[in-house]
6 protein chains.
Amino acid sequence: MDNIRYTKGIHNLKSVDGKGGDAVIESLDDISPDLGKYIIEFAFGDIYSRPILSLQEREMITIVSLLTAGGCEPQLEVHINGALNTGIDPIKIVESFLQCLPYTGFPRVLNAIFTAKKVFKERNLTV
Amino acid sequence: MDNIRYTKGIHNLKSVDGKGGDAVIESLDDISPDLGKYIIEFAFGDIYSRPILSLQEREMITIVSLLTAGGCEPQLEVHINGALNTGIDPIKIVESFLQCLPYTGFPRVLNAIFTAKKVFKERNLTV
Amino acid sequence: MDNIRYTKGIHNLKSVDGKGGDAVIESLDDISPDLGKYIIEFAFGDIYSRPILSLQEREMITIVSLLTAGGCEPQLEVHINGALNTGIDPIKIVESFLQCLPYTGFPRVLNAIFTAKKVFKERNLTV
Amino acid sequence: MDNIRYTKGIHNLKSVDGKGGDAVIESLDDISPDLGKYIIEFAFGDIYSRPILSLQEREMITIVSLLTAGGCEPQLEVHINGALNTGIDPIKIVESFLQCLPYTGFPRVLNAIFTAKKVFKERNLTV
Amino acid sequence: MDNIRYTKGIHNLKSVDGKGGDAVIESLDDISPDLGKYIIEFAFGDIYSRPILSLQEREMITIVSLLTAGGCEPQLEVHINGALNTGIDPIKIVESFLQCLPYTGFPRVLNAIFTAKKVFKERNLTV
Amino acid sequence: MDNIRYTKGIHNLKSVDGKGGDAVIESLDDISPDLGKYIIEFAFGDIYSRPILSLQEREMITIVSLLTAGGCEPQLEVHINGALNTGIDPIKIVESFLQCLPYTGFPRVLNAIFTAKKVFKERNLTV
């Protein structure tokens, strides 16, 4: 059965997204607990526990992908917090967003920067 | 004037994209040489020469952004080559694409993996 | 003239979107009544009155397409209501969104689920 | 362990995508067999074996989502075949694509219709 | 009935897209003639015959929208021809694509420029 | 050095976006002043000062591209104001959005129209 995937997933979810991740899972309880289960088992159990990339590298990839997709500001907020939780410096988050400029243009980067600005302010961080 | 940005851009373009980058710039000569100039000055001169992230980190961000945007297979091919040119291991490229699975779904990841497969084959690389 | 298309469109709009649809059309009165007319004539007059698919099937397709496009939460809210108005069970709406997971990834599905949660709450529905 | 998910996934993959699905999995063998494993376990093992929606309904949702995402023609080809394999009438596939017109516009629908045309021709089907 | 919309649509389609437009409509005959009818009646009959914007302005808007959407190269090819058919200078098409750089990034602009390069070559045009 | 690009950029930014543009640049001061600098130097210094297209034509292209990309409502609001600042009639803005209907579908156009409605109301404009 899937106990191992679930246990690994909960562990990674707590390491990365902390209470922001918990809040997403809880908010699914009354509409689709299975969706919460898949986030834990597949995203955090299967993928985040893979070798070769560090959690920091995984979070950098995640926030770049969310920036590029557009319309994912709630998830971007959770994972900017996640990136900070894994020890990434705020200035490195900003720099990763600037690297997307030639590939996504300014609007997507601006939306991500303003989401980061909000998160940094909540955590009393400066760049 | 912009000589410095252009010179830095040419240097970075050669370090990263090698002859794949040259080919793109040359193919613009008879339709929009200014577009080639902006790629060199803005993308490679301004952005790639910024501090805080290494060229390897910049290429990882670039290929993740291109995967997520979709429909950018020609640019993805150039930058998978670019990622390899900066010394990133093929297995790390594949792993970065797998990290996108929860955020972009399977089709975008499959398209990127098949582009990587083509590039790795051309360069006689195995994962 | 287009009376028939308009009449069919109004009929389908009322069957499907109810007062949510009316509100959209009315809100266009002072900026682009022609846009409202095209929604009625083309979307609801031409397309929704076609054979082969039921209104329920059409609404399922619509909410899946809006989920995938991203950034269409206002329209998704109208059409989750529309799906319910045609008699689709809330659990089937949730299930349709989960089916998109492998193809769109988690963020688009989460955005759609939270829109459904809001609509279900307004209508006192449980899944 | 995950034997059950894998076994269910293989069963569903064969029911739905037939040899088109096998070909995708095989083509991943030398670059990312884990990606093939996730397609089987997560997409076809977890999601396709869920209750409430039939395989036919799941395939309809899948092809609508792929049409809307854009740039997923290879996956759309596999899943138009999948839709036919589950017994969906070709005319219903075409009709589902037309239902997307008001939400995605003509270009995405045209790309999907031409992919369907190719698949129908290969299978000697007429609409 | 819709004779007027259809007649206006055919007229506009011929003015704008010429034989490229005809080819698209014909290629739909054996799979979805209704889709061809909607292109003629809605896109070219309703929208292209509206006042306030010239056909040239409409074609400029169309190619910018297709560039931005991505994955619409076949439609972009038809409408770059359409833009030229309405008398727009090739250099103005290229310039419109460059104006998108800050908003869409380089890859979408490169894809559009290479499509324009192909069309200009077929028509023996230089910029 | 880049004084000329910056000076031209500030001039164009003020001509086009007025205080809306200033507000964006200022809001970047404490998180990424370099991003503000690139908006001024690259977007407004390099691109907006190019020949062949008028500022009005550039703003029309910009708002069409932002509509099509989706999820860019903050930037769309700035540039609908920008379009008005360059002297474009409100009715022409609305008409440009309607021209996108066949290519992007209704939801993107509705989102843009409601953003325009908000801007027109703030400026006491009627269409």
# chains A, B, ... in the order shown; residues from 1 in each chain; ligands from 1
call {"tool": "residues_around", "arguments": {"residues": "Gln75 in chain C", "least_positions_apart": "5", "cutoff": "10 Å", "atoms": "only C-alpha atoms", "output": "ChimeraX atom specification"}}
result
/C:20-21,24,62-63,66-67,80-81 /D:103 /F:106-108,110-111
call {"tool": "write_last_selection", "arguments": {"atoms": "C-alpha atoms", "output": "PDB file, in the first residue's frame"}}
result
ATOM      1  CA  GLY C  20     -25.079  34.487 -13.868  1.00  0.00           C
ATOM      2  CA  GLY C  21     -25.261  34.661 -17.659  1.00  0.00           C
ATOM      3  CA  VAL C  24     -22.528  39.141 -17.748  1.00  0.00           C
ATOM      4  CA  THR C  62     -16.640  24.106 -21.156  1.00  0.00           C
ATOM      5  CA  ILE C  63     -15.452  23.914 -17.547  1.00  0.00           C
ATOM      6  CA  LEU C  66     -11.722  27.038 -18.847  1.00  0.00           C
ATOM      7  CA  LEU C  67      -9.714  25.184 -16.177  1.00  0.00           C
ATOM      8  CA  ILE C  80     -19.743  25.703 -12.765  1.00  0.00           C
ATOM      9  CA  ASN C  81     -23.118  27.228 -11.941  1.00  0.00           C
TER      10      ASN C  81
ATOM     11  CA  TYR D 103     -13.705  29.428 -25.149  1.00  0.00           C
TER      12      TYR D 103
ATOM     13  CA  PHE F 106     -14.683  34.975 -25.311  1.00  0.00           C
ATOM     14  CA  PRO F 107     -13.110  34.634 -21.818  1.00  0.00           C
ATOM     15  CA  ARG F 108      -9.879  36.515 -22.603  1.00  0.00           C
ATOM     16  CA  LEU F 110     -14.339  39.542 -21.516  1.00  0.00           C
ATOM     17  CA  ASN F 111     -11.497  39.942 -19.013  1.00  0.00           C
TER      18      ASN F 111
END
call {"tool": "residues_around", "arguments": {"residues": "Pro90 in chain E", "least_positions_apart": "4", "cutoff": "8 Å", "atoms": "only C-alpha atoms", "output": "PyMOL selection string"}}
result
chain E and resi 84+94+120+125-127
call {"tool": "write_last_selection", "arguments": {"atoms": "all heavy atoms", "output": "PDB file, in the first residue's frame"}}
result
ATOM      1  N   LEU E  84      -0.224  40.896 -45.707  1.00  0.00           N
ATOM      2  CA  LEU E  84       0.384  41.367 -46.953  1.00  0.00           C
ATOM      3  C   LEU E  84      -0.683  41.637 -48.017  1.00  0.00           C
ATOM      4  O   LEU E  84      -0.609  42.632 -48.750  1.00  0.00           O
ATOM      5  CB  LEU E  84       1.397  40.343 -47.473  1.00  0.00           C
ATOM      6  CG  LEU E  84       2.637  40.113 -46.594  1.00  0.00           C
ATOM      7  CD1 LEU E  84       3.388  38.857 -47.036  1.00  0.00           C
ATOM      8  CD2 LEU E  84       3.565  41.332 -46.631  1.00  0.00           C
ATOM      9  N   VAL E  94       7.221  42.868 -39.450  1.00  0.00           N
ATOM     10  CA  VAL E  94       8.380  42.575 -38.597  1.00  0.00           C
ATOM     11  C   VAL E  94       8.390  43.494 -37.376  1.00  0.00           C
ATOM     12  O   VAL E  94       8.609  43.054 -36.241  1.00  0.00           O
ATOM     13  CB  VAL E  94       9.692  42.734 -39.398  1.00  0.00           C
ATOM     14  CG1 VAL E  94      10.907  42.695 -38.476  1.00  0.00           C
ATOM     15  CG2 VAL E  94       9.798  41.640 -40.463  1.00  0.00           C
ATOM     16  N   PHE E 120       7.632  35.543 -46.630  1.00  0.00           N
ATOM     17  CA  PHE E 120       8.252  36.577 -47.476  1.00  0.00           C
ATOM     18  C   PHE E 120       9.046  35.918 -48.607  1.00  0.00           C
ATOM     19  O   PHE E 120       9.035  36.389 -49.743  1.00  0.00           O
ATOM     20  CB  PHE E 120       9.187  37.474 -46.659  1.00  0.00           C
ATOM     21  CG  PHE E 120       8.503  38.312 -45.611  1.00  0.00           C
ATOM     22  CD1 PHE E 120       9.243  39.028 -44.668  1.00  0.00           C
ATOM     23  CD2 PHE E 120       7.116  38.399 -45.543  1.00  0.00           C
ATOM     24  CE1 PHE E 120       8.618  39.811 -43.705  1.00  0.00           C
ATOM     25  CE2 PHE E 120       6.475  39.170 -44.569  1.00  0.00           C
ATOM     26  CZ  PHE E 120       7.236  39.875 -43.659  1.00  0.00           C
ATOM     27  N   LEU E 125       9.562  38.631 -51.308  1.00  0.00           N
ATOM     28  CA  LEU E 125       9.584  39.940 -50.676  1.00  0.00           C
ATOM     29  C   LEU E 125      10.839  40.095 -49.835  1.00  0.00           C
ATOM     30  O   LEU E 125      11.334  39.132 -49.253  1.00  0.00           O
ATOM     31  CB  LEU E 125       8.371  40.105 -49.760  1.00  0.00           C
ATOM     32  CG  LEU E 125       7.011  40.097 -50.441  1.00  0.00           C
ATOM     33  CD1 LEU E 125       5.906  40.034 -49.399  1.00  0.00           C
ATOM     34  CD2 LEU E 125       6.859  41.345 -51.312  1.00  0.00           C
ATOM     35  N   THR E 126      11.341  41.319 -49.792  1.00  0.00           N
ATOM     36  CA  THR E 126      12.446  41.597 -48.870  1.00  0.00           C
ATOM     37  C   THR E 126      12.031  42.695 -47.909  1.00  0.00           C
ATOM     38  O   THR E 126      11.150  43.499 -48.212  1.00  0.00           O
ATOM     39  CB  THR E 126      13.718  42.045 -49.624  1.00  0.00           C
ATOM     40  OG1 THR E 126      13.344  43.098 -50.518  1.00  0.00           O
ATOM     41  CG2 THR E 126      14.330  40.898 -50.400  1.00  0.00           C
ATOM     42  N   VAL E 127      12.664  42.712 -46.763  1.00  0.00           N
ATOM     43  CA  VAL E 127      12.363  43.770 -45.786  1.00  0.00           C
ATOM     44  C   VAL E 127      13.491  44.801 -45.786  1.00  0.00           C
ATOM     45  O   VAL E 127      14.614  44.518 -46.118  1.00  0.00           O
ATOM     46  CB  VAL E 127      12.203  43.205 -44.346  1.00  0.00           C
ATOM     47  CG1 VAL E 127      10.842  42.555 -44.212  1.00  0.00           C
ATOM     48  CG2 VAL E 127      13.323  42.248 -43.995  1.00  0.00           C
TER      49      VAL E 127
END
call {"tool": "interface_residues", "arguments": {"of": "chain A", "to": "chain D", "cutoff": "10 Å", "atoms": "only C-alpha atoms", "output": "list in words"}}
result
Met1, Asp2, Asn3, Ile4, Arg5, Tyr38, Glu41, Phe42, Asp46 and Ile47 of chain A
call {"tool": "atom_distance", "arguments": {"atom1": "CA of Gln56 in chain E", "atom2": "CA of Asp89 in chain F"}}
result
17.6 Å
call {"tool": "select_by_dssp", "arguments": {"residues": "range 33-67 of chain B", "states": "alpha helix (DSSP H)", "output": "CSV table (one decimal) with N, CA and C atoms, in the first residue's frame"}}
result
chain,number,residue,atom,x,y,z
B,33,PRO,N,17.9,41.9,-38.3
B,33,PRO,CA,19.1,41.9,-37.6
B,33,PRO,C,19.0,42.5,-36.2
B,34,ASP,N,18.1,43.5,-36.1
B,34,ASP,CA,17.9,44.1,-34.7
B,34,ASP,C,17.4,43.1,-33.7
B,35,LEU,N,16.6,42.1,-34.1
B,35,LEU,CA,16.2,41.1,-33.2
B,35,LEU,C,17.4,40.3,-32.7
B,36,GLY,N,18.3,40.0,-33.6
B,36,GLY,CA,19.6,39.4,-33.2
B,36,GLY,C,20.4,40.2,-32.2
B,37,LYS,N,20.4,41.5,-32.5
B,37,LYS,CA,21.1,42.5,-31.7
B,37,LYS,C,20.5,42.5,-30.3
B,38,TYR,N,19.2,42.5,-30.1
B,38,TYR,CA,18.5,42.5,-28.8
B,38,TYR,C,18.8,41.2,-28.1
B,55,LEU,N,26.1,30.6,-14.6
B,55,LEU,CA,25.6,30.3,-15.9
B,55,LEU,C,24.8,29.0,-15.9
B,56,GLN,N,25.3,28.0,-15.2
B,56,GLN,CA,24.6,26.7,-15.0
B,56,GLN,C,23.2,26.9,-14.5
B,57,GLU,N,23.1,27.7,-13.4
B,57,GLU,CA,21.8,28.0,-12.8
B,57,GLU,C,20.9,28.7,-13.8
B,58,ARG,N,21.5,29.6,-14.5
B,58,ARG,CA,20.7,30.4,-15.5
B,58,ARG,C,20.2,29.5,-16.6
B,59,GLU,N,21.0,28.5,-17.1
B,59,GLU,CA,20.5,27.6,-18.1
B,59,GLU,C,19.4,26.7,-17.6
B,60,MET,N,19.5,26.2,-16.4
B,60,MET,CA,18.5,25.4,-15.8
B,60,MET,C,17.2,26.1,-15.7
B,61,ILE,N,17.2,27.4,-15.3
B,61,ILE,CA,16.0,28.2,-15.3
B,61,ILE,C,15.4,28.4,-16.6
B,62,THR,N,16.3,28.7,-17.6
B,62,THR,CA,15.8,28.9,-19.0
B,62,THR,C,15.1,27.7,-19.6
B,63,ILE,N,15.7,26.5,-19.4
B,63,ILE,CA,15.0,25.3,-20.0
B,63,ILE,C,13.7,24.9,-19.3
B,64,VAL,N,13.6,25.2,-18.0
B,64,VAL,CA,12.4,25.0,-17.2
B,64,VAL,C,11.3,26.0,-17.7
B,65,SER,N,11.7,27.2,-17.9
B,65,SER,CA,10.8,28.2,-18.4
B,65,SER,C,10.3,27.9,-19.8
B,66,LEU,N,11.2,27.4,-20.7
B,66,LEU,CA,10.8,27.1,-22.1
B,66,LEU,C,9.9,25.9,-22.1
B,67,LEU,N,10.2,24.9,-21.2
B,67,LEU,CA,9.3,23.7,-21.1
B,67,LEU,C,7.9,24.1,-20.8
